Amino acid sequence: MARPVKSIFQTFFRVNRAVANWLVARYPAKFGGDSHRDVLFDIIKDELQARTGQINVLEVGGIDRPLLSRHKRLRYDGLDVDRNDLCSVLYDDFYQQTAELPFPATDYHLIFSNTTLEHVPDVRATYQNIYEALAPGGLTCHYYPCKGHPYALILRGIGHRWQNRLIRLFDPASAAATGYRTYFDHASFGETLTLLSDLGYTDIAIRPRYRANRYFDVFLPAFLAISAFENAAARYDLLQFCSGIIVSARKPS
């Protein structure tokens, strides 16, 4: 695409995004909502506060953008398929591997991830590995997008190559941190509930999310249409169309 044409498109996208941002700020109940990251962090914080002594924590998929910080009470480890120089600074120990392989340690009180499991081809193996790596009574919690939302359906339809091309066009600033291949394996409310139950987890809580309209904020008509769809899905508890889920489950004591 010639540079002047590309510049015109990107200006158009910025204007649409600015209007969408205004709508979210002005009408949060219709276009916004609390952050899934904040909700996930609250679950993690509550678990940490409920424990005493040394706490062993593993973040899956955090690489150089961890959700927590190192602390004297924590043994804070990381696990990711990628690695860079910051990983040895941000974590006490860092393991470069896929989550589908058995984890190196098996004494974690808490294992969590944020927008990671949708990129894993075999989520059953991952949850099995997490179960084995948790200490008795340990908690695991995750947020990941679901495959029935229009955003996920579009990604699955266009494929990985076009996904990356569109990201570079719509949001070039985030291209380095996004664009990983997505699989959406077991990425639905019902499949996740069945899977966790089959693997022996207890205290299973799955919180559906219905807000992924920001993926469409570069084109205002699409942003408005998706927002209306999400509001209807949330109102009528249409779990198959939720944008994502926040999962927490415990290994029996």
# chains A, B, ... in the order shown; residues from 1 in each chain; ligands from 1
$ select_by_dssp --residues "range 52-217 of chain A" --states "alpha helix (DSSP H)" --output "PDB file with C-alpha atoms, in the first residue's frame"
ATOM      1  CA  CYS A  87      13.131 -12.391  32.208  1.00  0.00           C
ATOM      2  CA  SER A  88      15.998 -13.069  34.609  1.00  0.00           C
ATOM      3  CA  VAL A  89      15.346  -9.706  36.280  1.00  0.00           C
ATOM      4  CA  LEU A  90      11.566  -9.867  36.516  1.00  0.00           C
ATOM      5  CA  VAL A 123      -5.335 -26.709  26.608  1.00  0.00           C
ATOM      6  CA  ARG A 124      -6.231 -30.066  28.194  1.00  0.00           C
ATOM      7  CA  ALA A 125      -2.534 -30.914  28.487  1.00  0.00           C
ATOM      8  CA  THR A 126      -1.847 -27.454  29.900  1.00  0.00           C
ATOM      9  CA  TYR A 127      -4.512 -27.708  32.605  1.00  0.00           C
ATOM     10  CA  GLN A 128      -3.239 -31.212  33.420  1.00  0.00           C
ATOM     11  CA  ASN A 129       0.308 -29.863  33.804  1.00  0.00           C
ATOM     12  CA  ILE A 130      -0.964 -27.038  35.982  1.00  0.00           C
ATOM     13  CA  TYR A 131      -2.811 -29.530  38.178  1.00  0.00           C
ATOM     14  CA  GLU A 132       0.344 -31.592  38.610  1.00  0.00           C
ATOM     15  CA  ALA A 133       2.444 -28.503  39.371  1.00  0.00           C
ATOM     16  CA  PRO A 150     -17.377 -12.311  16.560  1.00  0.00           C
ATOM     17  CA  TYR A 151     -13.762 -11.214  17.100  1.00  0.00           C
ATOM     18  CA  ALA A 152     -12.648 -14.837  17.544  1.00  0.00           C
ATOM     19  CA  LEU A 153     -14.768 -16.011  14.613  1.00  0.00           C
ATOM     20  CA  ILE A 154     -13.092 -13.416  12.388  1.00  0.00           C
ATOM     21  CA  LEU A 155      -9.609 -14.456  13.542  1.00  0.00           C
ATOM     22  CA  ARG A 156     -10.387 -18.097  12.904  1.00  0.00           C
ATOM     23  CA  GLY A 157     -11.749 -17.215   9.464  1.00  0.00           C
ATOM     24  CA  ILE A 158      -8.951 -14.985   8.155  1.00  0.00           C
ATOM     25  CA  GLY A 159      -6.014 -17.027   9.469  1.00  0.00           C
ATOM     26  CA  HIS A 160      -2.758 -16.060  11.142  1.00  0.00           C
ATOM     27  CA  ARG A 161      -1.092 -14.332   8.185  1.00  0.00           C
ATOM     28  CA  TRP A 162      -3.944 -11.911   7.583  1.00  0.00           C
ATOM     29  CA  GLN A 163      -4.293 -11.363  11.317  1.00  0.00           C
ATOM     30  CA  ASN A 164      -0.762  -9.962  11.459  1.00  0.00           C
ATOM     31  CA  ARG A 165      -1.265  -7.867   8.345  1.00  0.00           C
ATOM     32  CA  LEU A 166      -4.369  -6.244   9.779  1.00  0.00           C
ATOM     33  CA  ILE A 167      -2.690  -5.574  13.120  1.00  0.00           C
ATOM     34  CA  ARG A 168       0.169  -3.784  11.355  1.00  0.00           C
ATOM     35  CA  LEU A 169      -2.382  -1.705   9.463  1.00  0.00           C
ATOM     36  CA  PHE A 170      -4.844  -0.924  12.261  1.00  0.00           C
ATOM     37  CA  PHE A 189     -17.594 -21.549  29.010  1.00  0.00           C
ATOM     38  CA  GLY A 190     -19.044 -25.056  28.723  1.00  0.00           C
ATOM     39  CA  GLU A 191     -15.906 -26.790  27.432  1.00  0.00           C
ATOM     40  CA  THR A 192     -13.772 -25.225  30.173  1.00  0.00           C
ATOM     41  CA  LEU A 193     -16.194 -26.227  32.919  1.00  0.00           C
ATOM     42  CA  THR A 194     -16.310 -29.828  31.675  1.00  0.00           C
ATOM     43  CA  LEU A 195     -12.534 -30.003  31.260  1.00  0.00           C
ATOM     44  CA  LEU A 196     -11.729 -28.719  34.748  1.00  0.00           C
ATOM     45  CA  SER A 197     -14.258 -31.066  36.313  1.00  0.00           C
ATOM     46  CA  ASP A 198     -12.838 -34.050  34.407  1.00  0.00           C
ATOM     47  CA  LEU A 199      -9.303 -33.242  35.572  1.00  0.00           C
TER      48      LEU A 199
END
$ residues_around --residues "Gln96 in chain A" --least-positions-apart "5" --cutoff "12 Å" --atoms "only C-alpha atoms" --output "NGL selection string"
:A and (60-63 or 77-84 or 87-88 or 101 or 103-104)
$ closest_residue --among "A:Tyr210, A:Tyr91, A:Phe112, A:Phe223" --to "Ala18 in chain A" --atoms "only C-alpha atoms"
A:Phe223
$ closest_residue --among "A:Ala222, A:Ile55, A:Cys141, A:Cys242" --to "Arg37 in chain A" --atoms "only C-alpha atoms"
A:Cys141
$ closest_residue --among "A:His119, A:Ile245, A:Thr202, A:Asp217" --to "Val19 in chain A" --atoms "only C-alpha atoms"
A:Asp217
$ atom_distance --atom1 "CA of Ala205 in chain A" --atom2 "CA of Asn231 in chain A"
22.1 Å
$ residues_around --residues "Tyr144 in chain A" --least-positions-apart "3" --cutoff "8 Å" --atoms "only C-alpha atoms" --output "ChimeraX atom specification"
/A:114-118,187,244-246
$ closest_residue --among "A:Ala212, A:Ala249, A:Leu74, A:Ala25" --to "Gly138 in chain A" --atoms "only C-alpha atoms"
A:Ala249
$ decode --residues "range 90-147 of chain A" --atoms "C-alpha atoms" --output "PDB file, in the first residue's frame"
ATOM      1  CA  LEU A  90      11.566  -9.867  36.516  1.00  0.00           C
ATOM      2  CA  TYR A  91      11.319 -13.431  37.861  1.00  0.00           C
ATOM      3  CA  ASP A  92      13.165 -15.510  40.425  1.00  0.00           C
ATOM      4  CA  ASP A  93      13.337 -18.386  37.928  1.00  0.00           C
ATOM      5  CA  PHE A  94      12.238 -18.421  34.305  1.00  0.00           C
ATOM      6  CA  TYR A  95      11.507 -21.503  32.183  1.00  0.00           C
ATOM      7  CA  GLN A  96      11.457 -21.269  28.404  1.00  0.00           C
ATOM      8  CA  GLN A  97       9.067 -23.964  27.242  1.00  0.00           C
ATOM      9  CA  THR A  98       5.538 -24.568  26.067  1.00  0.00           C
ATOM     10  CA  ALA A  99       2.809 -24.987  28.672  1.00  0.00           C
ATOM     11  CA  GLU A 100       1.945 -28.327  27.046  1.00  0.00           C
ATOM     12  CA  LEU A 101       5.074 -29.900  28.562  1.00  0.00           C
ATOM     13  CA  PRO A 102       5.273 -30.863  32.259  1.00  0.00           C
ATOM     14  CA  PHE A 103       6.368 -27.951  34.440  1.00  0.00           C
ATOM     15  CA  PRO A 104       9.802 -28.071  36.103  1.00  0.00           C
ATOM     16  CA  ALA A 105       8.479 -27.517  39.661  1.00  0.00           C
ATOM     17  CA  THR A 106       5.492 -29.061  41.446  1.00  0.00           C
ATOM     18  CA  ASP A 107       5.045 -26.983  44.584  1.00  0.00           C
ATOM     19  CA  TYR A 108       3.198 -23.866  43.424  1.00  0.00           C
ATOM     20  CA  HIS A 109       0.467 -22.335  45.547  1.00  0.00           C
ATOM     21  CA  LEU A 110      -0.740 -20.174  42.653  1.00  0.00           C
ATOM     22  CA  ILE A 111      -0.449 -20.503  38.866  1.00  0.00           C
ATOM     23  CA  PHE A 112      -2.037 -17.912  36.597  1.00  0.00           C
ATOM     24  CA  SER A 113      -2.031 -16.443  33.098  1.00  0.00           C
ATOM     25  CA  ASN A 114      -3.546 -13.510  31.242  1.00  0.00           C
ATOM     26  CA  THR A 115      -4.512 -13.772  27.540  1.00  0.00           C
ATOM     27  CA  THR A 116      -2.296 -16.825  27.062  1.00  0.00           C
ATOM     28  CA  LEU A 117      -4.308 -20.050  26.835  1.00  0.00           C
ATOM     29  CA  GLU A 118      -6.018 -19.037  23.590  1.00  0.00           C
ATOM     30  CA  HIS A 119      -2.551 -19.377  22.005  1.00  0.00           C
ATOM     31  CA  VAL A 120      -2.001 -22.944  23.265  1.00  0.00           C
ATOM     32  CA  PRO A 121      -2.923 -25.784  20.858  1.00  0.00           C
ATOM     33  CA  ASP A 122      -3.614 -28.326  23.642  1.00  0.00           C
ATOM     34  CA  VAL A 123      -5.335 -26.709  26.608  1.00  0.00           C
ATOM     35  CA  ARG A 124      -6.231 -30.066  28.194  1.00  0.00           C
ATOM     36  CA  ALA A 125      -2.534 -30.914  28.487  1.00  0.00           C
ATOM     37  CA  THR A 126      -1.847 -27.454  29.900  1.00  0.00           C
ATOM     38  CA  TYR A 127      -4.512 -27.708  32.605  1.00  0.00           C
ATOM     39  CA  GLN A 128      -3.239 -31.212  33.420  1.00  0.00           C
ATOM     40  CA  ASN A 129       0.308 -29.863  33.804  1.00  0.00           C
ATOM     41  CA  ILE A 130      -0.964 -27.038  35.982  1.00  0.00           C
ATOM     42  CA  TYR A 131      -2.811 -29.530  38.178  1.00  0.00           C
ATOM     43  CA  GLU A 132       0.344 -31.592  38.610  1.00  0.00           C
ATOM     44  CA  ALA A 133       2.444 -28.503  39.371  1.00  0.00           C
ATOM     45  CA  LEU A 134       0.066 -27.148  42.041  1.00  0.00           C
ATOM     46  CA  ALA A 135       0.632 -27.955  45.678  1.00  0.00           C
ATOM     47  CA  PRO A 136      -2.435 -29.469  47.399  1.00  0.00           C
ATOM     48  CA  GLY A 137      -4.969 -26.684  47.912  1.00  0.00           C
ATOM     49  CA  GLY A 138      -3.256 -24.523  45.283  1.00  0.00           C
ATOM     50  CA  LEU A 139      -5.230 -22.175  43.028  1.00  0.00           C
ATOM     51  CA  THR A 140      -5.029 -21.565  39.304  1.00  0.00           C
ATOM     52  CA  CYS A 141      -6.699 -18.611  37.563  1.00  0.00           C
ATOM     53  CA  HIS A 142      -6.703 -17.361  33.984  1.00  0.00           C
ATOM     54  CA  TYR A 143      -8.304 -14.974  31.564  1.00  0.00           C
ATOM     55  CA  TYR A 144      -8.576 -15.852  27.897  1.00  0.00           C
ATOM     56  CA  PRO A 145     -10.853 -14.927  24.965  1.00  0.00           C
ATOM     57  CA  CYS A 146     -13.539 -17.347  23.804  1.00  0.00           C
ATOM     58  CA  LYS A 147     -14.109 -18.764  20.349  1.00  0.00           C
TER      59      LYS A 147
END
